[in-house]
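Structure data (TSV, N, CA and C atoms) from query.tsv:
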chain	number	residue	atom	x	y	z
A	734	MET	N	122.05	110.63	113.36
A	734	MET	CA	121.23	111.01	112.22
A	734	MET	C	120.00	110.09	112.15
A	735	LYS	N	118.86	110.68	111.95
A	735	LYS	CA	117.62	109.91	111.87
A	735	LYS	C	117.48	109.27	110.50
A	736	ARG	N	116.83	108.11	110.46
A	736	ARG	CA	116.60	107.39	109.22
A	736	ARG	C	115.14	107.53	108.81
A	737	PHE	N	114.91	107.89	107.58
A	737	PHE	CA	113.56	107.99	107.03
A	737	PHE	C	112.95	106.60	106.99
A	738	MET	N	111.79	106.41	107.61
A	738	MET	CA	111.13	105.11	107.65
A	738	MET	C	109.78	105.20	106.95
A	739	LYS	N	109.51	104.24	106.08
A	739	LYS	CA	108.20	104.13	105.44
A	739	LYS	C	107.39	103.07	106.18
A	740	ILE	N	106.24	103.49	106.70
A	740	ILE	CA	105.43	102.62	107.54
A	740	ILE	C	104.06	102.43	106.89
A	741	LEU	N	103.64	101.18	106.80
A	741	LEU	CA	102.32	100.83	106.29
A	741	LEU	C	101.45	100.41	107.47
A	742	VAL	N	100.28	101.03	107.60
A	742	VAL	CA	99.36	100.69	108.68
A	742	VAL	C	98.11	100.06	108.08
A	743	ALA	N	97.84	98.82	108.48
A	743	ALA	CA	96.59	98.16	108.09
A	743	ALA	C	95.51	98.68	109.02
A	744	TYR	N	94.46	99.27	108.43
A	744	TYR	CA	93.48	100.01	109.24
A	744	TYR	C	92.06	99.54	108.94
A	745	ASP	N	91.35	99.12	110.01
A	745	ASP	CA	89.95	98.71	109.85
A	745	ASP	C	89.01	99.54	110.71
A	746	GLY	N	89.54	100.53	111.41
A	746	GLY	CA	88.72	101.38	112.24
A	746	GLY	C	88.51	100.88	113.66
A	747	SER	N	89.05	99.73	114.00
A	747	SER	CA	88.90	99.19	115.36
A	747	SER	C	89.78	99.96	116.33
A	748	ALA	N	89.54	99.75	117.62
A	748	ALA	CA	90.35	100.41	118.65
A	748	ALA	C	91.82	100.03	118.52
A	749	LEU	N	92.09	98.76	118.22
A	749	LEU	CA	93.49	98.35	118.08
A	749	LEU	C	94.12	98.89	116.80
A	750	ALA	N	93.33	99.09	115.76
A	750	ALA	CA	93.86	99.73	114.56
A	750	ALA	C	94.22	101.18	114.86
A	751	ASP	N	93.40	101.85	115.68
A	751	ASP	CA	93.73	103.21	116.11
A	751	ASP	C	95.03	103.23	116.90
A	752	LYS	N	95.22	102.25	117.78
A	752	LYS	CA	96.46	102.16	118.55
A	752	LYS	C	97.65	101.90	117.63
A	753	ALA	N	97.47	101.05	116.63
A	753	ALA	CA	98.55	100.79	115.66
A	753	ALA	C	98.90	102.07	114.91
A	754	LEU	N	97.89	102.83	114.54
A	754	LEU	CA	98.12	104.10	113.85
A	754	LEU	C	98.88	105.06	114.76
A	755	ASP	N	98.53	105.13	116.02
A	755	ASP	CA	99.24	105.99	116.97
A	755	ASP	C	100.71	105.57	117.10
A	756	GLU	N	100.96	104.28	117.16
A	756	GLU	CA	102.35	103.79	117.24
A	756	GLU	C	103.12	104.17	115.97
A	757	ALA	N	102.46	104.03	114.83
A	757	ALA	CA	103.11	104.39	113.57
A	757	ALA	C	103.45	105.87	113.53
A	758	VAL	N	102.55	106.70	114.04
A	758	VAL	CA	102.81	108.16	114.08
A	758	VAL	C	104.05	108.44	114.93
A	759	ASP	N	104.14	107.79	116.08
A	759	ASP	CA	105.31	107.99	116.95
A	759	ASP	C	106.59	107.55	116.26
A	760	LEU	N	106.57	106.40	115.62
A	760	LEU	CA	107.76	105.90	114.92
A	760	LEU	C	108.13	106.79	113.74
A	761	ALA	N	107.14	107.24	113.01
A	761	ALA	CA	107.41	108.11	111.86
A	761	ALA	C	108.01	109.44	112.33
A	762	GLU	N	107.53	109.94	113.43
A	762	GLU	CA	108.06	111.19	113.97
A	762	GLU	C	109.53	111.02	114.37
A	763	MET	N	109.85	109.92	115.03
A	763	MET	CA	111.23	109.67	115.47
A	763	MET	C	112.18	109.48	114.29
A	764	SER	N	111.67	108.94	113.20
A	764	SER	CA	112.54	108.62	112.06
A	764	SER	C	112.37	109.59	110.89
A	765	GLU	N	111.60	110.65	111.11
A	765	GLU	CA	111.29	111.60	110.03
A	765	GLU	C	110.70	110.87	108.83
A	766	GLY	N	109.88	109.88	109.13
A	766	GLY	CA	109.32	109.02	108.11
A	766	GLY	C	107.93	109.41	107.67
A	767	SER	N	107.33	108.50	106.91
A	767	SER	CA	105.99	108.71	106.39
A	767	SER	C	105.14	107.47	106.66
A	768	ILE	N	103.83	107.68	106.58
A	768	ILE	CA	102.87	106.63	106.87
A	768	ILE	C	101.93	106.47	105.69
A	769	ALA	N	101.66	105.23	105.33
A	769	ALA	CA	100.59	104.93	104.38
A	769	ALA	C	99.57	104.08	105.14
A	770	VAL	N	98.33	104.52	105.09
A	770	VAL	CA	97.25	103.78	105.74
A	770	VAL	C	96.51	103.02	104.65
A	771	ILE	N	96.41	101.71	104.83
A	771	ILE	CA	95.67	100.89	103.86
A	771	ILE	C	94.44	100.30	104.55
A	772	HIS	N	93.31	100.50	103.91
A	772	HIS	CA	92.06	99.90	104.36
A	772	HIS	C	91.65	98.90	103.27
A	773	VAL	N	91.46	97.66	103.68
A	773	VAL	CA	91.12	96.60	102.71
A	773	VAL	C	89.75	96.05	103.07
A	774	PRO	N	88.71	96.73	102.60
A	774	PRO	CA	87.36	96.25	102.92
A	774	PRO	C	87.02	95.01	102.12
A	775	TRP	N	86.26	94.16	102.73
A	775	TRP	CA	85.74	93.02	101.98
A	775	TRP	C	84.24	92.95	102.13
A	776	GLU	N	83.67	93.73	103.06
A	776	GLU	CA	82.23	93.78	103.24
A	776	GLU	C	81.68	95.19	103.20
A	777	GLU	N	82.45	96.16	103.71
A	777	GLU	CA	81.92	97.51	103.88
A	777	GLU	C	81.58	98.16	102.55
A	778	SER	N	80.67	99.12	102.63
A	778	SER	CA	80.33	99.94	101.47
A	778	SER	C	81.47	100.93	101.22
A	779	ASP	N	81.46	101.52	100.04
A	779	ASP	CA	82.45	102.55	99.74
A	779	ASP	C	82.32	103.73	100.69
A	780	ASP	N	81.09	104.07	101.07
A	780	ASP	CA	80.87	105.16	102.03
A	780	ASP	C	81.51	104.84	103.38
A	781	GLU	N	81.38	103.63	103.83
A	781	GLU	CA	81.99	103.22	105.09
A	781	GLU	C	83.51	103.28	104.99
A	782	SER	N	84.06	102.83	103.89
A	782	SER	CA	85.51	102.91	103.69
A	782	SER	C	86.00	104.35	103.73
A	783	ARG	N	85.28	105.23	103.05
A	783	ARG	CA	85.66	106.65	103.07
A	783	ARG	C	85.58	107.23	104.49
A	784	ARG	N	84.57	106.84	105.24
A	784	ARG	CA	84.41	107.32	106.61
A	784	ARG	C	85.59	106.87	107.48
A	785	LEU	N	85.97	105.59	107.36
A	785	LEU	CA	87.09	105.07	108.15
A	785	LEU	C	88.40	105.78	107.78
A	786	LEU	N	88.63	105.94	106.49
A	786	LEU	CA	89.86	106.61	106.07
A	786	LEU	C	89.88	108.08	106.49
A	787	ALA	N	88.72	108.72	106.48
A	787	ALA	CA	88.64	110.12	106.93
A	787	ALA	C	88.99	110.22	108.42
A	788	ARG	N	88.55	109.23	109.18
A	788	ARG	CA	88.88	109.21	110.61
A	788	ARG	C	90.38	109.05	110.82
A	789	ALA	N	91.00	108.14	110.05
A	789	ALA	CA	92.45	107.97	110.14
A	789	ALA	C	93.16	109.25	109.70
A	790	GLU	N	92.67	109.86	108.63
A	790	GLU	CA	93.30	111.08	108.12
A	790	GLU	C	93.24	112.20	109.15
A	791	ALA	N	92.15	112.33	109.87
A	791	ALA	CA	92.04	113.36	110.90
A	791	ALA	C	93.12	113.17	111.97
A	792	ARG	N	93.36	111.93	112.36
A	792	ARG	CA	94.39	111.64	113.36
A	792	ARG	C	95.78	111.99	112.82
A	793	LEU	N	96.01	111.66	111.55
A	793	LEU	CA	97.31	111.94	110.93
A	793	LEU	C	97.56	113.43	110.76
A	794	LYS	N	96.53	114.16	110.35
A	794	LYS	CA	96.66	115.61	110.20
A	794	LYS	C	96.94	116.26	111.56
A	795	LYS	N	96.22	115.83	112.58
A	795	LYS	CA	96.41	116.38	113.91
A	795	LYS	C	97.85	116.17	114.38
A	796	ALA	N	98.43	115.04	114.03
A	796	ALA	CA	99.80	114.72	114.43
A	796	ALA	C	100.84	115.40	113.54
A	797	GLY	N	100.40	115.95	112.42
A	797	GLY	CA	101.34	116.58	111.49
A	797	GLY	C	102.18	115.58	110.72
A	798	ALA	N	101.66	114.39	110.54
A	798	ALA	CA	102.41	113.32	109.86
A	798	ALA	C	102.33	113.46	108.35
A	799	ARG	N	103.38	113.00	107.69
A	799	ARG	CA	103.33	112.85	106.23
A	799	ARG	C	102.65	111.51	105.97
A	800	TYR	N	101.64	111.52	105.09
A	800	TYR	CA	100.85	110.31	104.94
A	800	TYR	C	100.24	110.21	103.54
A	801	GLU	N	99.77	109.00	103.27
A	801	GLU	CA	98.92	108.73	102.11
A	801	GLU	C	97.88	107.72	102.57
A	802	LEU	N	96.75	107.70	101.86
A	802	LEU	CA	95.66	106.79	102.18
A	802	LEU	C	95.39	105.88	100.99
A	803	MET	N	95.14	104.62	101.27
A	803	MET	CA	94.84	103.64	100.23
A	803	MET	C	93.64	102.80	100.64
A	804	SER	N	92.85	102.42	99.66
A	804	SER	CA	91.75	101.50	99.91
A	804	SER	C	91.58	100.63	98.67
A	805	GLU	N	91.47	99.35	98.91
A	805	GLU	CA	91.22	98.43	97.80
A	805	GLU	C	90.44	97.24	98.32
A	806	ARG	N	89.32	96.99	97.72
A	806	ARG	CA	88.47	95.87	98.11
A	806	ARG	C	89.17	94.54	97.78
A	807	SER	N	89.05	93.60	98.71
A	807	SER	CA	89.66	92.29	98.49
A	807	SER	C	88.95	91.26	99.35
A	808	GLN	N	88.81	90.05	98.83
A	808	GLN	CA	88.27	88.95	99.61
A	808	GLN	C	89.33	88.32	100.50
A	809	TYR	N	90.60	88.70	100.29
A	809	TYR	CA	91.69	88.17	101.09
A	809	TYR	C	92.62	89.32	101.49
A	810	PRO	N	92.25	90.07	102.54
A	810	PRO	CA	93.01	91.25	102.94
A	810	PRO	C	94.51	91.04	103.17
A	811	PRO	N	94.94	89.92	103.77
A	811	PRO	CA	96.39	89.79	103.99
A	811	PRO	C	97.20	89.90	102.69
A	812	ARG	N	96.70	89.29	101.64
A	812	ARG	CA	97.41	89.33	100.36
A	812	ARG	C	97.56	90.77	99.87
A	813	ARG	N	96.50	91.55	100.00
A	813	ARG	CA	96.54	92.94	99.53
A	813	ARG	C	97.49	93.78	100.38
A	814	ILE	N	97.50	93.56	101.70
A	814	ILE	CA	98.40	94.29	102.59
A	814	ILE	C	99.85	93.95	102.27
A	815	ILE	N	100.12	92.68	102.09
A	815	ILE	CA	101.48	92.24	101.77
A	815	ILE	C	101.93	92.77	100.41
A	816	ARG	N	101.03	92.74	99.44
A	816	ARG	CA	101.36	93.28	98.11
A	816	ARG	C	101.69	94.77	98.20
A	817	ALA	N	100.90	95.51	98.97
A	817	ALA	CA	101.16	96.95	99.14
A	817	ALA	C	102.53	97.17	99.79
A	818	ALA	N	102.87	96.35	100.77
A	818	ALA	CA	104.17	96.48	101.45
A	818	ALA	C	105.31	96.21	100.47
A	819	MET	N	105.16	95.19	99.64
A	819	MET	CA	106.20	94.86	98.66
A	819	MET	C	106.31	95.93	97.58
A	820	ASP	N	105.17	96.31	97.02
A	820	ASP	CA	105.17	97.29	95.93
A	820	ASP	C	105.67	98.65	96.39
A	821	GLY	N	105.38	99.01	97.63
A	821	GLY	CA	105.75	100.33	98.13
A	821	GLY	C	107.11	100.39	98.81
A	822	GLY	N	107.77	99.26	98.96
A	822	GLY	CA	109.08	99.24	99.62
A	822	GLY	C	109.02	99.71	101.07
A	823	PHE	N	108.01	99.26	101.79
A	823	PHE	CA	107.84	99.70	103.17
A	823	PHE	C	108.85	99.02	104.09
A	824	ASP	N	109.24	99.76	105.14
A	824	ASP	CA	110.19	99.25	106.12
A	824	ASP	C	109.50	98.52	107.26
A	825	LEU	N	108.22	98.81	107.48
A	825	LEU	CA	107.50	98.26	108.62
A	825	LEU	C	106.00	98.25	108.31
A	826	ILE	N	105.33	97.20	108.80
A	826	ILE	CA	103.87	97.13	108.75
A	826	ILE	C	103.38	97.18	110.20
A	827	CYS	N	102.42	98.04	110.48
A	827	CYS	CA	101.77	98.09	111.80
A	827	CYS	C	100.35	97.58	111.65
A	828	VAL	N	99.97	96.70	112.55
A	828	VAL	CA	98.63	96.11	112.49
A	828	VAL	C	98.14	95.83	113.90
A	829	GLY	N	96.84	95.98	114.11
A	829	GLY	CA	96.25	95.61	115.39
A	829	GLY	C	96.15	94.09	115.49
A	830	SER	N	96.21	93.59	116.71
A	830	SER	CA	96.16	92.13	116.88
A	830	SER	C	94.78	91.56	116.65
A	831	ARG	N	93.76	92.35	116.85
A	831	ARG	CA	92.37	91.92	116.64
A	831	ARG	C	91.60	93.07	116.03
A	832	GLY	N	90.42	92.75	115.49
A	832	GLY	CA	89.66	93.75	114.77
A	832	GLY	C	88.42	94.25	115.45
A	833	LEU	N	87.35	94.24	114.72
A	833	LEU	CA	86.15	95.00	115.03
A	833	LEU	C	85.23	94.42	116.08
A	834	GLY	N	85.66	93.50	116.89
A	834	GLY	CA	84.79	92.97	117.94
A	834	GLY	C	84.62	91.47	117.81
A	835	ALA	N	83.81	90.93	118.67
A	835	ALA	CA	83.67	89.48	118.76
A	835	ALA	C	83.25	88.83	117.45
A	836	SER	N	82.32	89.45	116.73
A	836	SER	CA	81.82	88.81	115.52
A	836	SER	C	82.85	88.75	114.40
A	837	LYS	N	83.83	89.67	114.41
A	837	LYS	CA	84.83	89.68	113.35
A	837	LYS	C	86.23	89.44	113.87
A	838	ALA	N	86.39	89.16	115.14
A	838	ALA	CA	87.73	89.03	115.72
A	838	ALA	C	88.54	87.94	115.04
A	839	TRP	N	87.91	86.84	114.70
A	839	TRP	CA	88.66	85.76	114.07
A	839	TRP	C	89.18	86.18	112.71
A	840	VAL	N	88.47	87.06	112.03
A	840	VAL	CA	88.88	87.49	110.69
A	840	VAL	C	90.15	88.32	110.77
A	841	LEU	N	90.14	89.40	111.57
A	841	LEU	CA	91.33	90.23	111.64
A	841	LEU	C	92.45	89.52	112.36
A	842	GLY	N	92.12	88.68	113.34
A	842	GLY	CA	93.16	87.90	113.98
A	842	GLY	C	93.88	87.05	112.95
A	843	SER	N	93.14	86.48	112.03
A	843	SER	CA	93.77	85.68	110.98
A	843	SER	C	94.51	86.58	110.00
A	844	VAL	N	94.03	87.81	109.78
A	844	VAL	CA	94.73	88.75	108.91
A	844	VAL	C	96.09	89.08	109.51
A	845	SER	N	96.11	89.47	110.79
A	845	SER	CA	97.39	89.82	111.40
A	845	SER	C	98.34	88.63	111.41
A	846	SER	N	97.83	87.44	111.65
A	846	SER	CA	98.68	86.24	111.64
A	846	SER	C	99.28	85.99	110.27
A	847	ARG	N	98.48	86.12	109.23
A	847	ARG	CA	98.97	85.91	107.86
A	847	ARG	C	99.98	86.98	107.47
A	848	VAL	N	99.72	88.23	107.86
A	848	VAL	CA	100.66	89.30	107.54
A	848	VAL	C	102.00	89.02	108.21
A	849	ILE	N	101.97	88.59	109.47
A	849	ILE	CA	103.21	88.27	110.18
A	849	ILE	C	103.98	87.18	109.43
A	850	GLU	N	103.29	86.14	109.01
A	850	GLU	CA	103.94	85.01	108.35
A	850	GLU	C	104.52	85.35	106.98
A	851	GLU	N	103.87	86.24	106.23
A	851	GLU	CA	104.24	86.44	104.83
A	851	GLU	C	104.84	87.81	104.52
A	852	ALA	N	104.93	88.69	105.48
A	852	ALA	CA	105.40	90.05	105.22
A	852	ALA	C	106.85	90.08	104.75
A	853	PRO	N	107.15	90.99	103.85
A	853	PRO	CA	108.51	91.13	103.35
A	853	PRO	C	109.37	92.04	104.24
A	854	CYS	N	108.80	92.50	105.37
A	854	CYS	CA	109.48	93.41	106.27
A	854	CYS	C	109.00	93.14	107.69
A	855	PRO	N	109.60	93.77	108.70
A	855	PRO	CA	109.13	93.58	110.06
A	855	PRO	C	107.67	94.02	110.23
A	856	VAL	N	106.98	93.38	111.18
A	856	VAL	CA	105.58	93.68	111.49
A	856	VAL	C	105.48	94.01	112.98
A	857	LEU	N	104.85	95.15	113.27
A	857	LEU	CA	104.56	95.52	114.64
A	857	LEU	C	103.10	95.23	114.90
A	858	VAL	N	102.82	94.31	115.82
A	858	VAL	CA	101.46	93.94	116.17
A	858	VAL	C	101.12	94.64	117.48
A	859	VAL	N	100.07	95.43	117.46
A	859	VAL	CA	99.70	96.25	118.63
A	859	VAL	C	98.53	95.63	119.34
A	860	LYS	N	98.65	95.51	120.67
A	860	LYS	CA	97.58	94.97	121.53
A	860	LYS	C	97.01	96.07	122.37
Please, can you express the file's structure as structure tokens?
Amino acid sequence: MKRFMKILVAYDGSALADKALDEAVDLAEMSEGSIAVIHVPWEESDDESRRLLARAEARLKKAGARYELMSERSQYPPRRIIRAAMDGGFDLICVGSRGLGASKAWVLGSVSSRVIEEAPCPVLVVK
């Protein structure tokens, strides 16, 4: 019997975030689960956030996944991701190991590291 799994995907639109989303889709399909995509902008405009979430939504719709989308601005994204995982009772967090390129790699790298350290559930880091 398959177990329903709730998966939270931290999404910034990077190639590795797309890979994390793909892994989450596969896991959700195997477990008859659902996916919540959270985008935690700290610099982007609201238009950019909507564009990124629309891109994630297109991938989720194409896969036929059950999903929800979340976005909340924060100066400290790991805290917001962890709070969402706790509040939502998620079974797993999926996150890319690095983010949007050389200029921001240290930021998302530190985000994934903090999420790993403080998460209330297992974390899948995708490379």
(message) I'd like to know which residues of stretch 748-851 of chain A are alpha helix (DSSP H) (by DSSP, run on the backbone); could you write them as number ranges by chain?
(response) A: 748-764, 779-796, 810-821, 838-851
(request) Have a look at atom CA of A:Glu781 and atom N of A:Ala796 and let me know their distance in Å, one decimal. (result)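 These two atoms are separated by 22.1 Å.
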(request) Enter the distance from atom C of A:Tyr744 to atom C of A:Val773, in Å, rounded to one decimal. (result)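 For atom C of A:Tyr744 relative to atom C of A:Val773, the distance reads 7.2 Å.
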(message) Between A:Ala787, A:Glu776, A:Val859, A:Ser764, which residue has the minimum interatomic distance to A:Leu749, considering all atoms listed in the file?
(response)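 Ranked by minimum distance to A:Leu749, first place goes to A:Val859.
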(request) Measuring atom to atom with all atoms listed in the file, identify which of A:Gly746, A:Pro774, A:Pro855, A:Gly766 is nearest to A:Phe823. (result)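 The closest residue to A:Phe823 is A:Pro855.
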(message) Which residues are near A:Arg812? Cut-off 8 Å, only N, CA and C atoms, ignore same chain within fewer than 4 positions. Put them as JSON, numbers by chain.
(response) {"A": [808, 816, 817, 818, 844, 847, 848]}
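Distance annotation: of A:Pro853, A:Ser843, A:Val770, A:Lys860, the residue with the minimal separation from A:Val828 is A:Lys860; atom set is all atoms listed in the file.
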(request) Give me every strand (DSSP E) residue in stretch 770-852 of chain A, going by DSSP on the backbone, as a ChimeraX atom specification. (result) /A:770-772,799-804,825-829
(request) Enter the distance from atom CA of A:Gly822 to atom CA of A:Glu805, in Å, rounded to one decimal. (result) 18.0 Å
(request) Rank nothing, just name the residue among A:Ser807, A:Ser747, A:Ser830, A:Ser845 nearest to A:Trp775, using all atoms listed in the file. (result)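 Selected residue with least distance to A:Trp775: A:Ser807.
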(message) Please return as a list in words every residue within 8 Å of (101.4, 104.2, 113.9), taking into account only N, CA and C atoms and the file's own coordinates.
(response)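 Protein and nucleic acid residues near the point are Ile740, Leu741, Val742, Ala750, Asp751, Lys752, Ala753, Leu754, Asp755, Glu756, Ala757, Val758, Asp759, Leu760, Ala761, Ile768, Cys827 and Val828 of chain A.
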